[in-house]
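Just below is one structure, and these are the notes that go with it.
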Amino acid sequence: MKLLYTAGLSLFLSVPVFAQKTEKSGPKDKVVIEHFKNDYKKKNYKKFSGNIVVNDRQAQFDNKVIFYDKSDKITKAILQEGLIYPQLLTEFQVDKFENDDSDRTQKRFAKLQKNWKDAFEVNNIRFSNASELVFLSTDEKVRRFKIYCKDPKFPNIMIYYIEITNKNATKNTSVEDLSKMGK
């Protein structure tokens, strides 16, 4: 009887592990939702115009590399089309630093350095766990994604939120097709 009870309890406790997970917005996602509602300013970026070489685990943009998990189809599609690339992320971080007003002393010190922009150089980063944020995508022609980024220069994982717009997209458009015509 004790063995039957233990087996039944073990089976009962293991059932939620096999349940299907639904994508709900969590506390961190609520901050992102508020940002997109109140502070979002649309920016257009150009696709990468140089040479792109995509292998099973990495994408090379001229002389810079982004690593990714080969099972991550969203990241692969975005990288293959040159929608995200190291030079774009470097430019984004430099612009963010220049427009930040919180620490003027650090900004003055950085600008005294000979090549201060080199500190923001992005290379050999790793993208992982890309996912579409359905709760943030209000229009079928505009989809928003979240990609985790690990830069070896920093101890913490960064999260990039990107938006891909495709005028011809429908609800059923795959990420690969979306990214081919995306901007």
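Note on naming: chains are A, B, ... as they come in the structure tokens, residues start from 1 per chain, ligands start from 1 in the order shown.
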
Using only C-alpha atoms, find each residue in segment 65-106 of chain A having at least one atom no more than 8 Å away from segment 112-129 of chain A; report its shortest atom-to-atom pair and that distance in Å (one decimal), rows by chain then rising number, as a Markdown table.
```
| residue | atom | partner | partner_atom | distance |
| --- | --- | --- | --- | --- |
| A:Val65 | CA | A:Asn124 | CA | 5.0 |
| A:Ile66 | CA | A:Ile125 | CA | 5.2 |
| A:Phe67 | CA | A:Arg126 | CA | 4.5 |
| A:Tyr68 | CA | A:Phe127 | CA | 5.0 |
| A:Asp69 | CA | A:Ser128 | CA | 6.4 |
| A:Asp72 | CA | A:Asn129 | CA | 6.9 |
| A:Thr75 | CA | A:Phe127 | CA | 7.3 |
| A:Pro86 | CA | A:Val122 | CA | 5.3 |
| A:Gln87 | CA | A:Val122 | CA | 6.9 |
| A:Leu89 | CA | A:Val122 | CA | 6.6 |
| A:Thr90 | CA | A:Glu121 | CA | 5.3 |
| A:Gln93 | CA | A:Phe120 | CA | 6.4 |
| A:Val94 | CA | A:Phe120 | CA | 6.4 |
```

Per DSSP on the backbone, filter chain A down to the residues in alpha helix (DSSP H) and report them as a PyMOL selection string.
chain A and resi 2-14+27-38+73-80+86-99+104-112+175-181

Show me, as a list in words, the residues that have an atom within 12 Å of Lys43 of chain A when counting only C-alpha atoms, minus same-chain residues fewer than 4 positions from it.
Phe92, Ile162, Glu163, Ile164, Thr165 and Lys183 of chain A

Among A:Asp151, A:Asp139, A:Glu34, A:Glu132, Lys167 of chain A is approached most closely, using only C-alpha atoms, by A:Asp139

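Straight-line separation from atom CA of Gln80 of chain A to atom CA of Val54 of chain A: 6.4 Å.
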
Might you pull out every residue within 7 Å of Gly82 of chain A, with only C-alpha atoms counted and same-chain residues fewer than 3 positions away left off, and present them as a ChimeraX atom specification?
/A:47-48,78-79,85

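Picture a line from atom CA of Ser174 of chain A to atom CA of Ile157 of chain A; it runs 27.3 Å.
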
What are the DSSP strand (DSSP E or B) residues of chain A, as number ranges by chain?
A: 52-54, 58-61, 64-68, 125-132, 139, 142-150, 157-165

Output file for the selection above: N, CA, C and O atoms, as a compact mmCIF listing (two decimals), in the first residue's frame:
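Output contents, as saved in part-v5.txt:
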```txt
# COMPACT_ATOMS: atom_id res chain seq x y z
N ILE A 52 28.09 38.69 -45.38
CA ILE A 52 27.58 37.89 -44.28
C ILE A 52 27.84 36.41 -44.58
O ILE A 52 27.46 35.93 -45.64
N VAL A 53 28.48 35.72 -43.64
CA VAL A 53 28.71 34.28 -43.76
C VAL A 53 28.08 33.63 -42.53
O VAL A 53 28.50 33.88 -41.40
N VAL A 54 27.05 32.80 -42.76
CA VAL A 54 26.35 32.13 -41.67
C VAL A 54 26.67 30.65 -41.68
O VAL A 54 26.47 29.98 -42.68
N GLN A 58 27.51 30.28 -35.95
CA GLN A 58 27.98 31.66 -35.93
C GLN A 58 27.62 32.38 -37.23
O GLN A 58 27.41 31.76 -38.26
N ALA A 59 27.53 33.69 -37.10
CA ALA A 59 27.33 34.55 -38.27
C ALA A 59 28.47 35.56 -38.26
O ALA A 59 28.72 36.21 -37.23
N GLN A 60 29.14 35.68 -39.40
CA GLN A 60 30.26 36.60 -39.50
C GLN A 60 29.87 37.76 -40.39
O GLN A 60 29.41 37.57 -41.52
N PHE A 61 30.05 38.96 -39.87
CA PHE A 61 29.73 40.20 -40.57
C PHE A 61 31.05 40.92 -40.81
O PHE A 61 31.58 41.56 -39.90
N LYS A 64 33.60 40.70 -37.88
CA LYS A 64 32.98 40.58 -36.55
C LYS A 64 32.05 39.37 -36.53
O LYS A 64 31.46 39.01 -37.54
N VAL A 65 31.90 38.75 -35.34
CA VAL A 65 31.18 37.49 -35.23
C VAL A 65 30.11 37.57 -34.15
O VAL A 65 30.31 38.15 -33.09
N ILE A 66 28.96 36.94 -34.45
CA ILE A 66 27.92 36.69 -33.46
C ILE A 66 27.69 35.18 -33.42
O ILE A 66 27.45 34.57 -34.46
N PHE A 67 27.75 34.60 -32.24
CA PHE A 67 27.48 33.18 -32.06
C PHE A 67 26.02 32.99 -31.68
O PHE A 67 25.41 33.87 -31.07
N TYR A 68 25.46 31.84 -32.04
CA TYR A 68 24.08 31.53 -31.69
C TYR A 68 23.91 30.02 -31.64
O TYR A 68 24.73 29.27 -32.15
N ILE A 125 29.94 38.11 -29.49
CA ILE A 125 28.83 37.99 -28.55
C ILE A 125 28.03 36.74 -28.88
O ILE A 125 28.19 36.16 -29.94
N ARG A 126 27.18 36.33 -27.94
CA ARG A 126 26.35 35.14 -28.14
C ARG A 126 24.89 35.52 -27.94
O ARG A 126 24.52 36.05 -26.91
N PHE A 127 24.09 35.24 -28.97
CA PHE A 127 22.64 35.42 -28.88
C PHE A 127 22.01 34.08 -28.50
O PHE A 127 22.43 33.04 -28.98
N SER A 128 20.96 34.14 -27.68
CA SER A 128 20.27 32.91 -27.31
C SER A 128 18.82 33.21 -26.96
O SER A 128 18.46 34.35 -26.68
N ASN A 129 18.02 32.16 -26.97
CA ASN A 129 16.62 32.20 -26.53
C ASN A 129 15.80 33.32 -27.15
O ASN A 129 15.07 34.02 -26.46
N ALA A 130 15.89 33.49 -28.43
CA ALA A 130 15.06 34.49 -29.10
C ALA A 130 13.61 34.03 -29.08
O ALA A 130 13.33 32.84 -29.27
N SER A 131 12.72 34.96 -28.81
CA SER A 131 11.30 34.60 -28.78
C SER A 131 10.47 35.79 -29.25
O SER A 131 10.86 36.94 -29.06
N GLU A 132 9.35 35.47 -29.87
CA GLU A 132 8.44 36.49 -30.31
C GLU A 132 7.55 36.89 -29.14
O GLU A 132 7.03 36.04 -28.42
N ASP A 139 0.07 44.77 -34.20
CA ASP A 139 -0.25 44.78 -35.62
C ASP A 139 0.43 43.56 -36.26
O ASP A 139 1.58 43.25 -35.94
N VAL A 142 3.79 44.23 -37.85
CA VAL A 142 4.88 44.61 -36.94
C VAL A 142 4.96 43.56 -35.85
O VAL A 142 4.00 43.32 -35.13
N ARG A 143 6.13 42.92 -35.74
CA ARG A 143 6.33 41.92 -34.70
C ARG A 143 7.53 42.30 -33.85
O ARG A 143 8.52 42.81 -34.36
N ARG A 144 7.41 42.00 -32.58
CA ARG A 144 8.48 42.33 -31.64
C ARG A 144 9.07 41.06 -31.06
O ARG A 144 8.36 40.10 -30.78
N PHE A 145 10.38 41.09 -30.86
CA PHE A 145 11.12 39.93 -30.39
C PHE A 145 12.03 40.31 -29.24
O PHE A 145 12.43 41.48 -29.11
N LYS A 146 12.37 39.31 -28.44
CA LYS A 146 13.33 39.47 -27.35
C LYS A 146 14.46 38.49 -27.60
O LYS A 146 14.22 37.32 -27.87
N ILE A 147 15.69 38.99 -27.52
CA ILE A 147 16.88 38.15 -27.71
C ILE A 147 17.83 38.40 -26.54
O ILE A 147 18.15 39.55 -26.23
N TYR A 148 18.28 37.31 -25.93
CA TYR A 148 19.27 37.42 -24.87
C TYR A 148 20.65 37.49 -25.49
O TYR A 148 20.95 36.79 -26.45
N CYS A 149 21.50 38.34 -24.92
CA CYS A 149 22.84 38.55 -25.45
C CYS A 149 23.86 38.44 -24.32
O CYS A 149 23.72 39.09 -23.29
N LYS A 150 24.88 37.63 -24.56
CA LYS A 150 25.99 37.51 -23.61
C LYS A 150 27.24 38.05 -24.27
O LYS A 150 27.70 37.53 -25.27
N ILE A 157 23.90 39.21 -18.47
CA ILE A 157 23.24 38.99 -19.76
C ILE A 157 22.39 40.21 -20.09
O ILE A 157 21.67 40.73 -19.23
N MET A 158 22.49 40.68 -21.32
CA MET A 158 21.68 41.81 -21.78
C MET A 158 20.49 41.27 -22.56
O MET A 158 20.55 40.16 -23.11
N ILE A 159 19.45 42.06 -22.63
CA ILE A 159 18.28 41.68 -23.41
C ILE A 159 18.05 42.77 -24.45
O ILE A 159 17.98 43.96 -24.11
N TYR A 160 17.96 42.36 -25.71
CA TYR A 160 17.63 43.28 -26.78
C TYR A 160 16.19 43.02 -27.21
O TYR A 160 15.79 41.88 -27.42
N TYR A 161 15.44 44.09 -27.34
CA TYR A 161 14.08 44.02 -27.88
C TYR A 161 14.13 44.62 -29.27
O TYR A 161 14.60 45.75 -29.44
N ILE A 162 13.69 43.85 -30.25
CA ILE A 162 13.72 44.35 -31.62
C ILE A 162 12.32 44.27 -32.22
O ILE A 162 11.49 43.48 -31.79
N GLU A 163 12.11 45.10 -33.18
CA GLU A 163 10.84 45.15 -33.90
C GLU A 163 11.13 44.99 -35.38
O GLU A 163 12.00 45.66 -35.92
N ILE A 164 10.42 44.09 -36.02
CA ILE A 164 10.57 43.88 -37.46
C ILE A 164 9.26 44.23 -38.12
O ILE A 164 8.20 43.75 -37.72
N THR A 165 9.34 45.07 -39.14
CA THR A 165 8.16 45.51 -39.87
C THR A 165 8.20 44.95 -41.27
O THR A 165 9.23 45.02 -41.94
```

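With atom CA of Lys171 of chain A on one side and atom CA of Lys42 of chain A on the other, the separation reads 21.7 Å.
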
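Of the listed residues A:Leu133, A:Lys28, A:Ser71, A:Leu83, the one whose atoms come nearest to Ser49 of chain A is A:Leu83, with distances taken using only C-alpha atoms.
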
Would you mind listing what lies within 9 Å of Lys107 of chain A as JSON, numbers by chain, with only C-alpha atoms counted and same-chain residues fewer than 5 positions away left out?
{"A": [97, 98, 100, 101, 112]}

I need the residues from that last selection saved to file as a PDB file, in the first residue's frame (with C-alpha atoms), if you can.
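Printed below is selection.pdb as written:
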```pdb
ATOM      1  CA  PHE A  97      26.081  56.666 -24.064  1.00  0.00           C
ATOM      2  CA  GLU A  98      26.277  60.042 -25.814  1.00  0.00           C
ATOM      3  CA  ASP A 100      22.608  59.709 -21.546  1.00  0.00           C
ATOM      4  CA  ASP A 101      22.690  62.691 -19.191  1.00  0.00           C
ATOM      5  CA  LEU A 112      39.396  62.598 -23.058  1.00  0.00           C
TER       6      LEU A 112
END
```
